[in-house]
$ cat coords23.tsv   # TSV, C-alpha atoms
chain	number	residue	atom	x	y	z
F	20	MET	CA	0.00	0.00	0.00
F	21	VAL	CA	1.29	3.49	-0.86
F	22	THR	CA	0.47	6.27	1.60
F	23	SER	CA	0.50	9.87	0.43
F	24	VAL	CA	1.89	12.39	2.94
F	25	ARG	CA	0.84	16.02	2.53
F	26	GLN	CA	3.57	18.64	2.73
F	27	LEU	CA	3.45	21.33	5.38
F	28	ARG	CA	1.62	24.44	4.29
F	29	GLU	CA	3.85	27.43	3.53
F	30	PHE	CA	3.09	31.00	4.62
F	31	ASN	CA	4.11	34.62	4.18
F	32	LEU	CA	4.78	37.00	7.04
F	33	VAL	CA	4.87	40.79	6.57
F	34	LEU	CA	6.98	42.51	9.26
F	35	PRO	CA	7.69	46.16	10.12
F	36	GLU	CA	10.88	47.43	8.49
F	37	GLN	CA	12.63	47.68	11.88
F	38	PHE	CA	12.77	43.88	12.07
F	39	VAL	CA	15.96	42.10	11.05
F	40	GLU	CA	16.05	38.34	10.51
F	41	THR	CA	18.69	36.73	12.70
F	42	PRO	CA	20.92	34.14	11.05
F	43	ARG	CA	20.64	30.50	12.02
F	44	GLY	CA	23.65	28.45	13.00
F	45	GLU	CA	27.19	29.69	13.50
F	46	LEU	CA	27.73	33.31	12.44
F	47	THR	CA	30.66	33.80	10.07
F	48	GLU	CA	32.50	37.09	9.64
F	49	GLU	CA	30.70	37.58	6.33
F	50	GLY	CA	27.35	36.87	7.98
F	51	LEU	CA	28.14	39.25	10.84
F	52	ARG	CA	28.98	42.06	8.42
F	53	ALA	CA	25.78	41.46	6.45
F	54	LEU	CA	23.65	41.50	9.61
F	55	ALA	CA	25.40	44.61	10.96
F	56	SER	CA	24.78	46.31	7.62
F	57	GLN	CA	21.06	45.49	7.86
F	58	ILE	CA	20.88	46.88	11.39
F	59	ALA	CA	22.74	50.04	10.37
F	60	GLY	CA	20.22	50.50	7.57
F	61	VAL	CA	17.29	50.18	9.95
F	62	PHE	CA	18.64	52.85	12.28
F	63	LYS	CA	20.16	55.00	9.52
F	64	THR	CA	23.62	54.90	11.10
F	65	VAL	CA	27.06	54.56	9.58
F	66	GLU	CA	27.50	51.05	8.25
F	67	LEU	CA	29.42	48.72	10.56
F	68	ASP	CA	29.63	51.19	13.44
F	69	THR	CA	30.33	49.73	16.87
F	70	GLY	CA	26.68	49.74	17.91
F	71	SER	CA	25.57	47.89	14.79
F	72	VAL	CA	28.21	45.21	15.24
F	73	ALA	CA	27.36	44.78	18.93
F	74	ALA	CA	23.66	44.51	18.11
F	75	ALA	CA	24.43	41.98	15.37
F	76	ILE	CA	26.38	39.78	17.79
F	77	THR	CA	23.58	39.98	20.37
F	78	LEU	CA	20.82	39.20	17.88
F	79	ALA	CA	22.81	36.34	16.38
F	80	SER	CA	23.30	34.80	19.83
F	81	VAL	CA	19.63	35.15	20.76
F	82	GLY	CA	18.51	33.88	17.38
F	83	ALA	CA	20.77	30.84	17.57
F	84	GLY	CA	19.32	29.94	20.97
F	85	VAL	CA	15.71	30.18	19.80
F	86	ALA	CA	16.49	28.35	16.55
F	87	ALA	CA	18.06	25.56	18.60
F	88	GLY	CA	14.67	25.21	20.29
F	89	GLY	CA	13.06	24.41	16.94
F	90	ALA	CA	12.11	27.82	15.53
F	91	SER	CA	12.10	27.98	11.73
F	92	HIS	CA	12.28	31.79	11.68
F	93	VAL	CA	13.68	34.30	14.17
F	94	SER	CA	13.60	38.08	13.76
F	95	ALA	CA	14.33	40.93	16.13
F	96	GLY	CA	13.21	44.54	16.08
F	97	ILE	CA	14.41	47.52	18.07
F	98	PHE	CA	12.01	50.40	18.67
F	99	LYS	CA	11.71	53.44	20.92
F	100	SER	CA	9.12	53.64	23.67
F	101	THR	CA	6.20	55.95	22.99
F	102	ASP	CA	7.71	58.57	25.34
F	103	GLY	CA	11.08	58.20	23.59
F	104	GLN	CA	12.86	57.33	26.83
F	105	ARG	CA	13.58	53.62	26.40
F	106	PRO	CA	14.71	51.24	23.67
F	107	LEU	CA	12.39	48.29	23.07
F	108	LEU	CA	13.86	44.96	21.98
F	109	VAL	CA	11.23	42.67	20.47
F	110	LEU	CA	11.95	39.09	19.42
F	111	LEU	CA	9.71	37.22	16.97
F	112	SER	CA	9.93	33.48	16.45
F	113	ALA	CA	7.90	31.16	14.23
F	114	TYR	CA	7.44	27.45	14.82
F	115	VAL	CA	5.96	25.25	12.08
F	116	MET	CA	4.43	21.92	13.12
F	117	PRO	CA	2.62	19.12	11.32
F	118	SER	CA	-1.02	18.71	12.29
F	119	ASP	CA	-3.98	16.49	11.54
F	120	HIS	CA	-7.02	18.58	12.46
F	121	ALA	CA	-10.39	17.93	10.87
F	122	SER	CA	-11.18	21.64	10.56
F	123	VAL	CA	-9.91	25.03	11.72
F	124	GLN	CA	-12.65	25.20	14.37
F	125	ALA	CA	-11.73	21.75	15.66
F	126	ALA	CA	-8.09	22.84	15.93
F	127	VAL	CA	-9.07	26.04	17.75
F	128	SER	CA	-11.21	24.07	20.22
F	129	GLY	CA	-8.34	21.66	20.87
F	130	LEU	CA	-5.83	24.49	21.35
F	131	LEU	CA	-8.16	26.22	23.80
F	132	GLU	CA	-8.53	23.07	25.84
F	133	ILE	CA	-4.80	22.37	25.92
F	134	HIS	CA	-3.65	25.86	26.87
F	135	GLU	CA	-6.41	26.46	29.41
F	136	SER	CA	-5.52	23.17	31.12
F	137	GLN	CA	-1.86	24.18	31.23
F	138	GLN	CA	-2.77	27.52	32.88
F	139	SER	CA	0.26	29.09	31.23
F	140	GLY	CA	-1.38	32.51	30.79
F	141	LEU	CA	-4.36	34.37	29.40
F	142	VAL	CA	-5.91	32.33	26.56
F	143	ARG	CA	-8.23	33.88	23.97
F	144	THR	CA	-9.73	33.11	20.58
F	145	VAL	CA	-9.19	35.80	17.94
F	146	GLN	CA	-10.18	36.39	14.34
F	147	LEU	CA	-7.11	37.28	12.30
F	148	ASP	CA	-6.92	38.19	8.63
F	149	SER	CA	-5.74	34.60	8.00
F	150	GLY	CA	-8.63	33.07	9.96
F	151	PRO	CA	-9.48	31.97	13.54
F	152	ALA	CA	-6.58	31.52	15.94
F	153	VAL	CA	-5.78	31.12	19.63
F	154	THR	CA	-3.51	33.55	21.49
F	155	VAL	CA	-1.71	32.92	24.77
F	156	GLU	CA	-0.28	35.77	26.82
F	157	SER	CA	2.34	34.66	29.33
F	158	ARG	CA	5.00	36.01	31.66
F	159	ALA	CA	8.09	34.32	33.10
F	160	ASP	CA	10.18	35.93	35.88
F	161	SER	CA	13.86	35.17	36.36
F	162	GLU	CA	17.05	36.60	37.85
F	163	ILE	CA	20.49	37.30	36.41
F	164	LYS	CA	23.69	38.06	38.31
F	165	ILE	CA	26.12	40.59	36.86
F	166	GLY	CA	29.32	42.34	37.93
F	167	VAL	CA	31.86	42.30	40.73
F	168	PRO	CA	30.65	42.65	43.40
F	169	GLU	CA	27.79	40.59	42.05
F	170	GLU	CA	24.41	42.27	41.65
F	171	THR	CA	21.10	40.50	41.08
F	172	PHE	CA	18.62	41.83	38.56
F	173	GLU	CA	15.07	40.61	38.06
F	174	ILE	CA	13.86	40.13	34.49
F	175	SER	CA	10.31	39.53	33.30
F	176	GLN	CA	9.97	37.88	29.90
F	177	HIS	CA	6.58	38.68	28.38
F	178	ALA	CA	5.24	36.77	25.39
F	179	LEU	CA	2.16	36.81	23.20
F	180	THR	CA	1.86	33.71	21.04
F	181	ALA	CA	-0.66	33.14	18.25
F	182	TRP	CA	-1.47	29.54	17.30
F	183	LEU	CA	-2.67	29.42	13.69
F	184	PRO	CA	-4.13	26.24	12.15
F	185	ASP	CA	-4.32	26.00	8.36
F	186	GLU	CA	-7.62	25.28	6.61
F	187	ASP	CA	-6.64	21.93	5.10
F	188	GLY	CA	-5.61	20.30	8.37
F	189	THR	CA	-1.90	19.73	7.75
F	190	THR	CA	-0.05	22.55	9.49
F	191	LEU	CA	0.01	24.53	12.72
F	192	VAL	CA	2.14	27.66	13.10
F	193	ALA	CA	2.97	29.33	16.40
F	194	LEU	CA	4.06	32.97	16.14
F	195	SER	CA	5.56	34.27	19.38
F	196	VAL	CA	6.41	37.91	20.12
F	197	MET	CA	8.59	38.34	23.22
F	198	SER	CA	10.01	41.31	25.13
F	199	THR	CA	11.47	42.10	28.55
F	200	ASN	CA	10.13	45.67	28.44
F	201	THR	CA	7.50	45.40	31.17
F	202	GLU	CA	6.72	49.13	31.21
F	203	ASP	CA	5.92	49.05	27.50
F	204	TRP	CA	4.28	45.65	27.24
F	205	ALA	CA	0.90	47.11	26.24
F	206	ASP	CA	2.56	48.78	23.24
F	207	VAL	CA	4.46	45.59	22.36
F	208	LYS	CA	1.15	43.67	22.47
F	209	ASP	CA	-0.33	46.13	19.98
F	210	LEU	CA	2.71	45.55	17.76
F	211	ALA	CA	2.30	41.77	18.09
F	212	GLU	CA	-1.36	41.88	17.10
F	213	GLY	CA	-0.42	43.83	13.98
F	214	ILE	CA	2.25	41.25	13.17
F	215	PHE	CA	-0.26	38.43	13.55
F	216	ASP	CA	-2.48	40.13	10.95
F	217	GLY	CA	0.54	40.20	8.61
F	218	PHE	CA	0.49	36.38	8.47
F	219	PHE	CA	-0.96	34.74	5.34
F	220	TRP	CA	-1.16	31.10	4.29
F	221	GLN	CA	0.13	30.45	0.78
F	222	PRO	CA	-2.32	28.71	-1.57
F	223	ARG	CA	-1.64	25.08	-2.22
F	224	GLY	CA	0.08	24.41	-5.55
F	225	SER	CA	-1.35	22.02	-8.11
F	226	ALA	CA	1.25	19.43	-7.14
F	227	ASP	CA	-0.19	19.30	-3.61
F	228	ASP	CA	-3.87	19.10	-4.60

$ encode --input "coords23.tsv" --output "structure tokens"
Amino acid sequence: MVTSVRQLREFNLVLPEQFVETPRGELTEEGLRALASQIAGVFKTVELDTGSVAAAITLASVGAGVAAGGASHVSAGIFKSTDGQRPLLVLLSAYVMPSDHASVQAAVSGLLEIHESQQSGLVRTVQLDSGPAVTVESRADSEIKIGVPEETFEISQHALTAWLPDEDGTTLVALSVMSTNTEDWADVKDLAEGIFDGFFWQPRGSADD
């Protein structure tokens, strides 16, 4: 017997211009220069200035860590707070997973049940431009120790994740927007919701029908 396996559904994601895709895997000198050049372009600074290179190294390190956790896409954006007093670092990751849901509504019901039982944060159903989805808002608190003498700093990692099932029951995508900017989390949430509406499933090709 021959069993046909459907390919995962592909998608497009439209991001604000301040976002820079972080490279996956080990960053070469050529890759570092290319990423620093992108960052310099976003902030309209001199190409390969010290700040751009430092930001490139940081983003590459963060991106490599998230990619190691299974993310297929990692981007980071740097913005100013609405009062102009603070920089906002926002990390976006996309996870693509095979699924076998009978319908979008069935997938949404299952996602609601799973995330509400896990009590990992505020769970909601939303209607995005791409269709129904489930969002989960969560917060994780941790501490880091820096300096000599050692000082302890508390960090809150906020995340808003949208779980998007495709209409033909083959693919589930999780888009997660994360930030440690607690003071500005409401603004980051607004940004995340706009990003979620920039997600579009690609039509199936004739070869997949």

$ atom_distance --input "coords23.tsv" --atom1 "atom CA of Tyr114 of chain F" --atom2 "atom CA of Val142 of chain F"
18.4 Å

$ residues_around --input "coords23.tsv" --residues "Asp148 of chain F" --least-positions-apart "2" --cutoff "10 Å" --atoms "all atoms listed in the file" --output "PyMOL selection string"
chain F and resi 145-146+150-152+215-219

$ closest_residue --input "coords23.tsv" --among "F:Ala159, F:Pro35, F:Ala181, F:Pro168" --to "Phe98 of chain F" --atoms "only C-alpha atoms"
F:Pro35

$ residues_around --input "coords23.tsv" --residues "segment 189-198 of chain F" --least-positions-apart "3" --cutoff "8 Å" --atoms "all atoms listed in the file" --output "VMD selection string"
chain F and resid 25 to 28 107 to 120 176 to 185 201 204 207 211 215

$ residues_near_point --input "coords23.tsv" --point "(-4.3, 30.4, 22.3)" --cutoff "6 Å" --atoms "only C-alpha atoms" --output "ChimeraX atom specification"
/F:131,142-143,153-155,182

$ atom_distance --input "coords23.tsv" --atom1 "atom CA of Ala55 of chain F" --atom2 "atom CA of Thr41 of chain F"
10.5 Å

$ closest_residue --input "coords23.tsv" --among "F:Glu186, F:Asp102, F:Glu156, F:Glu169" --to "Val127 of chain F" --atoms "all atoms listed in the file"
F:Glu186

$ atom_distance --input "coords23.tsv" --atom1 "atom CA of Gly213 of chain F" --atom2 "atom CA of Leu147 of chain F"
9.5 Å
